[in-house]
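start.pdb (PDB, C-alpha atoms, pLDDT in the B column) appears below.
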ATOM      1  CA  MET A   1      13.368   9.684   3.928  1.00 82.00           C
ATOM      2  CA  ALA A   2      14.688   8.551   7.295  1.00 91.00           C
ATOM      3  CA  HIS A   3      15.687   4.901   7.096  1.00 94.00           C
ATOM      4  CA  PHE A   4      16.290   2.713  10.134  1.00 95.00           C
ATOM      5  CA  ARG A   5      16.699  -0.957  10.960  1.00 97.00           C
ATOM      6  CA  ILE A   6      16.087  -2.883  14.175  1.00 97.00           C
ATOM      7  CA  GLU A   7      17.297  -6.433  14.810  1.00 98.00           C
ATOM      8  CA  ARG A   8      16.350  -8.556  17.801  1.00 97.00           C
ATOM      9  CA  ARG A   9      16.717 -12.185  18.845  1.00 97.00           C
ATOM     10  CA  SER A  10      14.095 -13.952  20.892  1.00 96.00           C
ATOM     11  CA  PRO A  11      13.859 -17.336  22.608  1.00 96.00           C
ATOM     12  CA  LEU A  12      10.250 -17.513  21.361  1.00 96.00           C
ATOM     13  CA  PRO A  13       9.436 -19.843  18.479  1.00 95.00           C
ATOM     14  CA  ILE A  14       9.017 -18.188  15.087  1.00 96.00           C
ATOM     15  CA  GLY A  15       5.215 -18.521  15.076  1.00 96.00           C
ATOM     16  CA  GLU A  16       4.784 -16.881  18.474  1.00 96.00           C
ATOM     17  CA  THR A  17       7.209 -14.088  17.576  1.00 97.00           C
ATOM     18  CA  TRP A  18       5.236 -13.426  14.365  1.00 97.00           C
ATOM     19  CA  ARG A  19       1.913 -13.480  16.225  1.00 96.00           C
ATOM     20  CA  ARG A  20       3.126 -10.934  18.785  1.00 97.00           C
ATOM     21  CA  LEU A  21       4.678  -8.562  16.228  1.00 97.00           C
ATOM     22  CA  THR A  22       1.635  -8.613  13.949  1.00 97.00           C
ATOM     23  CA  ASP A  23      -0.959  -8.223  16.717  1.00 95.00           C
ATOM     24  CA  TRP A  24      -1.486  -4.630  15.585  1.00 95.00           C
ATOM     25  CA  PRO A  25      -3.736  -3.388  18.443  1.00 93.00           C
ATOM     26  CA  ARG A  26      -1.073  -4.535  20.921  1.00 93.00           C
ATOM     27  CA  HIS A  27       1.359  -2.019  19.354  1.00 92.00           C
ATOM     28  CA  GLY A  28      -0.806   0.836  20.625  1.00 89.00           C
ATOM     29  CA  ALA A  29      -0.242  -0.286  24.207  1.00 89.00           C
ATOM     30  CA  HIS A  30       3.478   0.409  23.778  1.00 90.00           C
ATOM     31  CA  VAL A  31       3.455   3.663  21.775  1.00 86.00           C
ATOM     32  CA  PRO A  32       2.793   6.768  23.883  1.00 84.00           C
ATOM     33  CA  LEU A  33      -0.436   8.644  23.130  1.00 86.00           C
ATOM     34  CA  SER A  34      -1.440   6.116  20.453  1.00 90.00           C
ATOM     35  CA  GLY A  35      -4.178   3.656  19.702  1.00 91.00           C
ATOM     36  CA  VAL A  36      -4.508   1.185  16.838  1.00 94.00           C
ATOM     37  CA  THR A  37      -7.512   0.065  14.823  1.00 94.00           C
ATOM     38  CA  VAL A  38      -7.580  -2.499  12.037  1.00 96.00           C
ATOM     39  CA  ARG A  39      -9.897  -2.558   8.996  1.00 95.00           C
ATOM     40  CA  PRO A  40     -11.494  -4.867   8.192  1.00 95.00           C
ATOM     41  CA  ALA A  41     -11.704  -6.845  11.418  1.00 89.00           C
ATOM     42  CA  GLY A  42     -10.399 -10.381  11.243  1.00 88.00           C
ATOM     43  CA  PRO A  43      -7.149 -11.969  10.214  1.00 94.00           C
ATOM     44  CA  THR A  44      -4.573  -9.724   8.570  1.00 96.00           C
ATOM     45  CA  ARG A  45      -4.122 -10.133   4.819  1.00 97.00           C
ATOM     46  CA  VAL A  46      -3.033  -8.056   1.844  1.00 98.00           C
ATOM     47  CA  GLY A  47      -5.336  -5.033   1.806  1.00 98.00           C
ATOM     48  CA  THR A  48      -5.775  -4.827   5.589  1.00 98.00           C
ATOM     49  CA  VAL A  49      -5.406  -1.238   6.815  1.00 97.00           C
ATOM     50  CA  VAL A  50      -3.771  -0.614  10.188  1.00 96.00           C
ATOM     51  CA  VAL A  51      -4.501   2.890  11.519  1.00 95.00           C
ATOM     52  CA  VAL A  52      -2.403   4.348  14.320  1.00 92.00           C
ATOM     53  CA  ARG A  53      -4.082   7.355  15.937  1.00 92.00           C
ATOM     54  CA  THR A  54      -1.532   9.541  17.736  1.00 89.00           C
ATOM     55  CA  GLY A  55      -2.543  12.444  19.923  1.00 89.00           C
ATOM     56  CA  VAL A  56      -4.921  13.481  22.648  1.00 85.00           C
ATOM     57  CA  GLY A  57      -8.576  14.038  21.831  1.00 82.00           C
ATOM     58  CA  ARG A  58      -8.994  16.099  18.670  1.00 83.00           C
ATOM     59  CA  ALA A  59      -5.320  17.124  18.720  1.00 88.00           C
ATOM     60  CA  GLY A  60      -3.769  14.292  16.786  1.00 90.00           C
ATOM     61  CA  PHE A  61      -3.447  12.562  13.460  1.00 90.00           C
ATOM     62  CA  ASP A  62      -4.013   9.194  11.835  1.00 91.00           C
ATOM     63  CA  ASP A  63      -1.201   7.147  10.338  1.00 92.00           C
ATOM     64  CA  PRO A  64      -2.932   4.614   8.049  1.00 96.00           C
ATOM     65  CA  MET A  65      -0.785   1.770   6.727  1.00 97.00           C
ATOM     66  CA  GLU A  66      -1.902  -0.770   4.148  1.00 98.00           C
ATOM     67  CA  VAL A  67      -0.578  -4.317   4.242  1.00 98.00           C
ATOM     68  CA  VAL A  68       0.839  -4.880   0.743  1.00 98.00           C
ATOM     69  CA  ARG A  69       2.768  -8.075   1.482  1.00 98.00           C
ATOM     70  CA  TRP A  70       1.671 -10.778   3.902  1.00 98.00           C
ATOM     71  CA  ASP A  71       3.736 -13.970   4.076  1.00 98.00           C
ATOM     72  CA  PRO A  72       3.366 -15.577   7.519  1.00 98.00           C
ATOM     73  CA  PRO A  73       6.029 -18.083   8.542  1.00 97.00           C
ATOM     74  CA  THR A  74       5.281 -21.754   8.066  1.00 93.00           C
ATOM     75  CA  GLY A  75       7.259 -24.253  10.110  1.00 86.00           C
ATOM     76  CA  ASP A  76      10.858 -23.110   9.834  1.00 86.00           C
ATOM     77  CA  THR A  77      10.236 -20.952   6.756  1.00 93.00           C
ATOM     78  CA  PRO A  78      10.741 -17.228   7.479  1.00 97.00           C
ATOM     79  CA  GLY A  79       7.795 -14.844   7.329  1.00 98.00           C
ATOM     80  CA  GLY A  80       7.526 -11.226   6.308  1.00 98.00           C
ATOM     81  CA  CYS A  81       5.101  -8.398   5.779  1.00 98.00           C
ATOM     82  CA  ARG A  82       5.256  -4.903   4.321  1.00 98.00           C
ATOM     83  CA  LEU A  83       3.065  -1.959   5.215  1.00 98.00           C
ATOM     84  CA  GLU A  84       2.860   1.153   3.029  1.00 98.00           C
ATOM     85  CA  LYS A  85       2.125   4.363   4.925  1.00 96.00           C
ATOM     86  CA  ARG A  86      -0.849   6.078   3.263  1.00 93.00           C
ATOM     87  CA  GLY A  87      -1.432   9.051   5.539  1.00 90.00           C
ATOM     88  CA  SER A  88      -1.349  12.779   5.064  1.00 88.00           C
ATOM     89  CA  VAL A  89       1.318  13.238   7.790  1.00 88.00           C
ATOM     90  CA  VAL A  90       3.561  10.150   7.799  1.00 90.00           C
ATOM     91  CA  LEU A  91       4.832   8.688   4.517  1.00 92.00           C
ATOM     92  CA  GLY A  92       7.028   5.668   3.781  1.00 95.00           C
ATOM     93  CA  TRP A  93       6.895   1.964   4.571  1.00 97.00           C
ATOM     94  CA  ALA A  94       7.720  -0.635   7.211  1.00 97.00           C
ATOM     95  CA  GLU A  95       8.818  -4.260   6.782  1.00 98.00           C
ATOM     96  CA  ILE A  96       8.894  -6.955   9.440  1.00 98.00           C
ATOM     97  CA  GLU A  97      10.740 -10.235   8.916  1.00 98.00           C
ATOM     98  CA  VAL A  98      10.815 -13.135  11.353  1.00 98.00           C
ATOM     99  CA  ARG A  99      13.071 -16.162  10.869  1.00 97.00           C
ATOM    100  CA  PRO A 100      14.158 -19.111  12.977  1.00 96.00           C
ATOM    101  CA  ARG A 101      17.423 -18.696  14.839  1.00 95.00           C
ATOM    102  CA  GLY A 102      19.057 -21.164  17.225  1.00 91.00           C
ATOM    103  CA  GLY A 103      15.897 -22.663  18.718  1.00 91.00           C
ATOM    104  CA  GLY A 104      14.216 -19.258  18.876  1.00 95.00           C
ATOM    105  CA  SER A 105      13.719 -16.526  16.333  1.00 97.00           C
ATOM    106  CA  GLU A 106      15.233 -13.370  14.900  1.00 97.00           C
ATOM    107  CA  VAL A 107      13.364 -10.191  13.987  1.00 98.00           C
ATOM    108  CA  VAL A 108      14.409  -7.614  11.417  1.00 98.00           C
ATOM    109  CA  TRP A 109      12.257  -4.466  11.295  1.00 97.00           C
ATOM    110  CA  ARG A 110      13.114  -2.004   8.528  1.00 98.00           C
ATOM    111  CA  GLU A 111      11.370   1.289   8.091  1.00 96.00           C
ATOM    112  CA  GLU A 112      11.585   4.334   5.924  1.00 95.00           C
ATOM    113  CA  ALA A 113       9.566   7.279   7.179  1.00 91.00           C
ATOM    114  CA  ARG A 114       9.087  10.925   6.407  1.00 87.00           C
ATOM    115  CA  LEU A 115       6.871  13.528   7.969  1.00 84.00           C
ATOM    116  CA  ARG A 116       5.217  15.534   5.213  1.00 86.00           C
ATOM    117  CA  GLY A 117       6.702  19.013   4.962  1.00 87.00           C
ATOM    118  CA  LEU A 118       9.701  18.259   7.172  1.00 86.00           C
ATOM    119  CA  PRO A 119      13.007  19.108   5.428  1.00 87.00           C
ATOM    120  CA  ARG A 120      15.594  16.339   4.802  1.00 88.00           C
ATOM    121  CA  LEU A 121      17.731  18.028   7.433  1.00 88.00           C
ATOM    122  CA  PHE A 122      15.514  16.242   9.973  1.00 89.00           C
ATOM    123  CA  ASP A 123      16.072  12.731   8.516  1.00 89.00           C
ATOM    124  CA  PRO A 124      18.874  11.778  10.959  1.00 91.00           C
ATOM    125  CA  PRO A 125      16.943  12.717  14.137  1.00 90.00           C
ATOM    126  CA  THR A 126      13.800  11.111  12.674  1.00 89.00           C
ATOM    127  CA  ALA A 127      15.718   7.862  12.046  1.00 92.00           C
ATOM    128  CA  TRP A 128      17.259   8.000  15.535  1.00 92.00           C
ATOM    129  CA  SER A 129      13.903   8.542  17.249  1.00 91.00           C
ATOM    130  CA  GLY A 130      12.220   5.865  15.077  1.00 91.00           C
ATOM    131  CA  ARG A 131      14.925   3.329  15.955  1.00 94.00           C
ATOM    132  CA  LEU A 132      14.546   4.175  19.652  1.00 93.00           C
ATOM    133  CA  LEU A 133      10.733   4.111  19.696  1.00 91.00           C
ATOM    134  CA  PHE A 134      10.205   1.019  17.571  1.00 92.00           C
ATOM    135  CA  GLY A 135      13.105  -0.810  19.200  1.00 95.00           C
ATOM    136  CA  ARG A 136      11.276  -0.371  22.506  1.00 94.00           C
ATOM    137  CA  VAL A 137       8.004  -1.499  20.922  1.00 94.00           C
ATOM    138  CA  VAL A 138       9.603  -4.673  19.544  1.00 96.00           C
ATOM    139  CA  ASP A 139      11.267  -5.376  22.894  1.00 96.00           C
ATOM    140  CA  ALA A 140       7.978  -4.905  24.763  1.00 96.00           C
ATOM    141  CA  LEU A 141       5.992  -7.075  22.341  1.00 96.00           C
ATOM    142  CA  LEU A 142       8.516  -9.890  22.608  1.00 96.00           C
ATOM    143  CA  LYS A 143       8.622  -9.684  26.429  1.00 93.00           C
ATOM    144  CA  ASP A 144       4.888  -9.238  26.899  1.00 69.00           C
ATOM    145  CA  ASP A 145       3.780 -11.851  29.418  1.00 62.00           C
ATOM    146  CA  ALA A 146       0.189 -11.854  28.210  1.00 52.00           C
ATOM    147  CA  VAL A 147      -1.181 -15.324  27.674  1.00 41.00           C
ATOM    148  CA  PRO A 148      -1.076 -16.140  23.943  1.00 45.00           C
ATOM    149  CA  ARG A 149      -4.515 -15.879  22.371  1.00 45.00           C
ATOM    150  CA  ARG A 150      -5.976 -18.674  20.338  1.00 39.00           C
ATOM    151  CA  ALA A 151      -5.472 -18.014  16.653  1.00 40.00           C
ATOM    152  CA  GLU A 152      -8.557 -17.024  14.730  1.00 39.00           C
ATOM    153  CA  PRO A 153      -9.612 -19.409  11.974  1.00 37.00           C
ATOM    154  CA  GLY A 154      -7.458 -18.663   8.953  1.00 40.00           C
ATOM    155  CA  ALA A 155      -4.960 -16.609  10.953  1.00 42.00           C
ATOM    156  CA  ALA A 156      -1.314 -17.388  10.446  1.00 43.00           C
ATOM    157  CA  GLY A 157       1.239 -17.653  13.124  1.00 42.00           C
TER     158      GLY A 157
END
Could you render the structure from this file as structure tokens?
Amino acid sequence: MAHFRIERRSPLPIGETWRRLTDWPRHGAHVPLSGVTVRPAGPTRVGTVVVVRTGVGRAGFDDPMEVVRWDPPTGDTPGGCRLEKRGSVVLGWAEIEVRPRGGGSEVVWREEARLRGLPRLFDPPTAWSGRLLFGRVVDALLKDDAVPRRAEPGAAG
């Protein structure tokens, strides 16, 4: 498994940082050749499945991830979530933690990923490319100037 870790600081308050990082469809706007769907629709909770479709037309694959831990931040209490990759191509997990830090917030994104059938020899370049790609995604989500959406009833963040 290729393991990588990304850490970022943001001037945004913890709740806004959490909202941006867990707005799953927004991730697709920052990952090349990808789109994101969420099942079921509505606020994220344990059991929610986030599906990233990567490719062009029929040439692509789905990367379904199930939310197995969902602990949104409350006030100054850190929040975290864990997604287990359940696909036939990408295996592993991802964890996102958000905590208050100096008037803003700090993000720690940890991921362990493996492409089915790819030898362990490819773990280092997989980790490097994952750190690069998801580091850019986190940066873009935190800098996104989109007007914050109103939270749905029952949504955390």
(request) Tell me which of A:Arg53, A:Arg136, A:Arg114, A:Arg39 sits closest to Ala2 in chain A, counting only C-alpha atoms. (result) A:Arg114
(request) For each of A:Ser88, A:Leu133, A:Pro78, A:Asp71, take the minimum atom-to-atom distance to Val108 in chain A, counting all atoms listed in the file, then give the residue where this is smallest. (result) A:Pro78
(request) Translate the PyMOL selection byres ((chain A and resi 20-24) around 8), as applied to the file shown, into an explicit residue set as a ChimeraX atom specification. (result) /A:16-19,25-28,36-38,50,138,141-142
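Here CA of Ile96 in chain A is placed at a distance of 9.5 Å from CA of Ile6 in chain A.
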(message) Once the PyMOL selection byres ((chain A and resi 15) around 9) has been evaluated on this model, what residues remain selected, and can you format them as number ranges by chain?
(response) A: 12-14, 16-20, 72-76, 79, 98, 105, 156-157
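In this comparison, which uses all atoms listed in the file, the residue of A:Met65, A:Val90, A:Val31, A:Val51 approaching Leu132 in chain A most closely is A:Val31.
Shortest atom-to-atom contact with Arg5 in chain A among A:Gly117, A:Gly102, A:Pro124, A:Glu95: A:Glu95, counting all atoms listed in the file.
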(message) At a cut-off of 9 Å around the point (12.7, 3.4, 7.5) (file coordinates), what residues fall inside when counting only C-alpha atoms? I'd like the answer as a count of residues only.
(response) 18
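Taking CA of Glu7 in chain A and CA of Gly135 in chain A as endpoints, the distance between them is 8.3 Å.
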(message) Once the PyMOL selection byres ((chain A and resi 9) around 6) has been evaluated on this model, what residues remain selected, and can you format them as a ChimeraX atom specification?
(response) /A:8,10,105-106
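Ranking A:Pro11, A:Gly35, A:Gly80, A:Pro125 by their shortest atom-to-atom distance to Gly55 in chain A, with only C-alpha atoms included, puts A:Gly35 first.
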